[in-house]
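*Asks:* Right, I'll just put the structure down here and ask away after.
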Amino acid sequence: MQSIPAYIKYFFILASIILTSYVLIVGQALISPLLAALIVALLLHPLSNKFERLKMNRGFSSVFSILVVLLALSGLSYFFSFQVGQISNDLHSIGGRFQELIDRGYGWMEATFGVEQQEQTRYLKDSLNSFLKDSTAAVTTTVSATADFFTGFFLFLIALFFLLYYRRFFVGFLYKCFKRDDHQKVGTTLAKVEMVVRNYIVGLFTVIFIVAILNSVGLMLLGIQHAIFFGVLAAVLTIIPYIGILIGSLLPILFALVTKDSLWYPLGVALLFWSVQFLEGNFITPNIVGGKVSINPFAAIIALFIGGMFWGALGMILSIPVLAIIKVICDASPSLLPLAFLLDNPPEEDILEKKWVPLESILSKRRRKKAEKKKEQNQLEDLP
């Protein structure tokens with residue numbers, strides 16, 4: 001049987017990637033809640049087992065495990081809503097300060113670009129009118145997005161319950177997909193997947209807690225009001241790797257700009273979040289999460305962009321645990337070991353030199369052999 005040509009394999013691979021991407025984008029409303037439920041179910045599996053050891057029915061143990069998640073989300077929502085209510089009490093003073101900043105902006109625009117305040121005001125009014133004309137579409141989009149969110153959240157809860165309740169049934173299905181000789185490897189891979197996901201999420205919560213303390217203490221020392229709210233909000237946004245804390249820093253910087261008389265305060269806030277971002281990216285996360293999820297930063301950034309392109313913010317949140325699961329599966333498959341090596345953190349250079357001959361030595365050996373061969377030919381030509 002003839003082997004398939006390389007260009008045919010390439011087109012098969014390319015068609016598979018395009019088809020998979022199309023299914024992920026079109027099926028986002030169904031796939032993303034199921035995938036999120038799978039990751040949370042892997043996290044809640046030990047808790048559900050503990051409830052069952054207490055002679056609790058599996059259905060009740062699954063429900064109580066989900067209630068733990070709902071209570072945690074409710075507590076976080078109550079904290080943020082309470083803090084937002086506290087901030088709303090300062091809106092009158094903030095509004096006056098904000099109007100003062102707008103007036104300064106008018107003066108700066110007129111002095112720098114020669115645009116009179118009347119023209120600036122007219123432009124703003126036209127922009128506002130244009131926005132109000134399109135407000136119907138914006139409201140419709142918002143209502144649709146809200147409905148999609150609650151639908152997805154309901155599907156997430158249903159899937160989470162059945163993944164916990166029928167977990168042994170689904171594991172049995174996976175075993176039936178492979179030969180009996182591979183069952184041990186399947187069980188080991190499942191255990192590694194669960195451990196990697198659980199370690200990543202627990203490590204992520206630990207990072208969020210540490211970053212929240214650093215942010216809040218720093219903002220308190222700078223004298224920024226509602227420091228705990230801004231510090232915790234920016235820390236929670238670290239659930240989006242690399243860029244979450246930067247997004248969370250924009251609100252306290254703007255708040256410091258509006259409430260403080262000196263520009264040194266927003267500059268200090270920006271410097272604080274930059275320092276925390278540096279510590280989080282180079283010391284906190286690598287030491288807490290890095291040893292548990294061995295993925296190199298370049299692969300993680302690519303996964304973030306791909307997840308954002310497919311599913312937006314939710315895709316960015318799920319990208320790292322999904323990539324960790326993919327790496328565990330690649331480690332277990334001999335044909336996918338090169339991909340697992342590419343996703344892993346690069347080993348030390350001396351280890352690489354021991355395993356593989358450097359390219360320069362290969363080239364030098366080839367040059368040496370070519371020179372020796374040419375020398376032999378010259379010697380043969382010199383013979384009588």
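Chain labels follow the order of the structure tokens: the first chain is A, the next B, and so on; residue numbering restarts at 1 in every chain, and ligands are counted from 1 in their shown order.
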So which residues touch stretch 27-44 of chain A within 9 Å, counting only C-alpha atoms, skipping near sequence neighbours fewer than 2 positions away, as a PyMOL selection string?
*Replies:* chain A and resi 22-25+46-49+62+65-66+69+148+151-161+163-164+167+193-195+197-199+201-202+310-311+314-315+318+321-322
*Asks:* Excluding A:Ile243 and residues on its chain fewer than 6 positions from it, collect all residues at most 12 Å away from it, counting only C-alpha atoms, and give them as a list in words.
*Replies:*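 Surrounding residues, per the criterion: Ala234, Ala235, Val236, Leu237, Ser249, Leu250, Phe273, Trp274, Gln277, Phe278, Glu280, Gly281, Ile301, Leu304, Phe305, Gly308, Ala313, Met316 and Ile317 of chain A.
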*Asks:* Those residues with N, CA and C atoms, as a PDB file, in the first residue's frame please?
*Replies:*
ATOM      1  N   ALA A 234      -8.887  44.062  40.636  1.00  0.00           N
ATOM      2  CA  ALA A 234      -7.735  43.819  39.766  1.00  0.00           C
ATOM      3  C   ALA A 234      -7.165  42.425  39.985  1.00  0.00           C
ATOM      4  N   ALA A 235      -7.208  41.929  41.235  1.00  0.00           N
ATOM      5  CA  ALA A 235      -6.694  40.587  41.512  1.00  0.00           C
ATOM      6  C   ALA A 235      -7.579  39.516  40.883  1.00  0.00           C
ATOM      7  N   VAL A 236      -8.898  39.694  40.955  1.00  0.00           N
ATOM      8  CA  VAL A 236      -9.812  38.717  40.353  1.00  0.00           C
ATOM      9  C   VAL A 236      -9.609  38.658  38.846  1.00  0.00           C
ATOM     10  N   LEU A 237      -9.295  39.798  38.249  1.00  0.00           N
ATOM     11  CA  LEU A 237      -9.095  39.828  36.799  1.00  0.00           C
ATOM     12  C   LEU A 237      -7.812  39.114  36.367  1.00  0.00           C
ATOM     13  N   SER A 249      -6.216  47.680  36.433  1.00  0.00           N
ATOM     14  CA  SER A 249      -5.552  48.889  36.926  1.00  0.00           C
ATOM     15  C   SER A 249      -6.139  50.168  36.330  1.00  0.00           C
ATOM     16  N   LEU A 250      -6.871  50.064  35.233  1.00  0.00           N
ATOM     17  CA  LEU A 250      -7.375  51.279  34.565  1.00  0.00           C
ATOM     18  C   LEU A 250      -8.374  52.026  35.433  1.00  0.00           C
ATOM     19  N   PHE A 273       0.651  49.076  40.223  1.00  0.00           N
ATOM     20  CA  PHE A 273       0.137  47.917  39.491  1.00  0.00           C
ATOM     21  C   PHE A 273       1.188  47.332  38.554  1.00  0.00           C
ATOM     22  N   TRP A 274       2.057  48.183  38.038  1.00  0.00           N
ATOM     23  CA  TRP A 274       3.144  47.652  37.216  1.00  0.00           C
ATOM     24  C   TRP A 274       4.080  46.788  38.068  1.00  0.00           C
ATOM     25  N   GLN A 277       2.299  43.572  38.862  1.00  0.00           N
ATOM     26  CA  GLN A 277       2.288  42.745  37.650  1.00  0.00           C
ATOM     27  C   GLN A 277       3.643  42.079  37.441  1.00  0.00           C
ATOM     28  N   PHE A 278       4.726  42.834  37.705  1.00  0.00           N
ATOM     29  CA  PHE A 278       6.079  42.275  37.561  1.00  0.00           C
ATOM     30  C   PHE A 278       6.303  41.143  38.559  1.00  0.00           C
ATOM     31  N   GLU A 280       3.961  39.355  40.070  1.00  0.00           N
ATOM     32  CA  GLU A 280       3.048  38.256  39.771  1.00  0.00           C
ATOM     33  C   GLU A 280       3.549  37.409  38.607  1.00  0.00           C
ATOM     34  N   GLY A 281       4.038  38.083  37.556  1.00  0.00           N
ATOM     35  CA  GLY A 281       4.460  37.359  36.365  1.00  0.00           C
ATOM     36  C   GLY A 281       5.795  36.651  36.501  1.00  0.00           C
ATOM     37  N   ILE A 301       0.544  32.435  25.725  1.00  0.00           N
ATOM     38  CA  ILE A 301       0.092  33.670  25.076  1.00  0.00           C
ATOM     39  C   ILE A 301      -0.649  33.356  23.777  1.00  0.00           C
ATOM     40  N   LEU A 304      -4.007  32.174  24.667  1.00  0.00           N
ATOM     41  CA  LEU A 304      -4.856  33.300  25.078  1.00  0.00           C
ATOM     42  C   LEU A 304      -5.466  34.003  23.868  1.00  0.00           C
ATOM     43  N   PHE A 305      -4.641  34.277  22.876  1.00  0.00           N
ATOM     44  CA  PHE A 305      -5.140  34.958  21.674  1.00  0.00           C
ATOM     45  C   PHE A 305      -6.155  34.089  20.938  1.00  0.00           C
ATOM     46  N   GLY A 308      -9.349  34.052  22.931  1.00  0.00           N
ATOM     47  CA  GLY A 308     -10.055  35.319  22.789  1.00  0.00           C
ATOM     48  C   GLY A 308     -10.713  35.476  21.429  1.00  0.00           C
ATOM     49  N   ALA A 313     -13.728  36.776  26.304  1.00  0.00           N
ATOM     50  CA  ALA A 313     -13.124  36.715  27.643  1.00  0.00           C
ATOM     51  C   ALA A 313     -13.186  35.311  28.227  1.00  0.00           C
ATOM     52  N   MET A 316     -10.433  33.228  26.902  1.00  0.00           N
ATOM     53  CA  MET A 316      -9.135  33.544  27.510  1.00  0.00           C
ATOM     54  C   MET A 316      -9.011  32.906  28.886  1.00  0.00           C
ATOM     55  N   ILE A 317     -10.123  32.847  29.632  1.00  0.00           N
ATOM     56  CA  ILE A 317     -10.094  32.243  30.960  1.00  0.00           C
ATOM     57  C   ILE A 317      -9.868  30.734  30.862  1.00  0.00           C
TER      58      ILE A 317
END
*Asks:* Suppose you want the space between atom CA of A:Leu67 and atom CA of A:Phe149; what is it in Å?
*Replies:*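 So the two atoms, atom CA of A:Leu67 and atom CA of A:Phe149, lie 19.2 Å apart.
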*Asks:* Need the shell around A:Ala340: protein/DNA/RNA residues with any atom at most 8 Å away, counting only C-alpha atoms. Skip same-chain ones fewer than 6 positions apart. Format as an MDAnalysis selection string?
*Replies:* chainID A and resid 327:328 330:331
*Asks:* With C-alpha atoms kept, could you save the residues just selected as a short mmCIF file (atom, residue, chain, number, x, y, z; two decimals), in the first residue's frame?
*Replies:*
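Writing done, so here's again-v6.cif:
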data_model
loop_
_atom_site.label_atom_id
_atom_site.label_comp_id
_atom_site.auth_asym_id
_atom_site.auth_seq_id
_atom_site.Cartn_x
_atom_site.Cartn_y
_atom_site.Cartn_z
CA LYS A 327 -0.42 18.75 27.07
CA VAL A 328 -1.22 15.85 29.44
CA CYS A 330 0.03 14.68 24.28
CA ASP A 331 2.43 13.33 26.94
#
*Asks:* Please report the interatomic distance between atom CA of A:Val84 and atom CA of A:Phe230 in Å with one decimal.
*Replies:*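 The value is 10.3 Å.
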*Asks:* Rank nothing, just name the residue among A:Thr188, A:Thr285, A:Asn296, A:Ser319 nearest to A:Leu343, using only C-alpha atoms.
*Replies:*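 Smallest separation from A:Leu343 among the options: A:Asn296.
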*Asks:* Please report the interatomic distance between atom CA of A:Ile224 and atom CA of A:Ala256 in Å with one decimal.
*Replies:*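 Straight-line distance from atom CA of A:Ile224 to atom CA of A:Ala256 works out to 6.6 Å.
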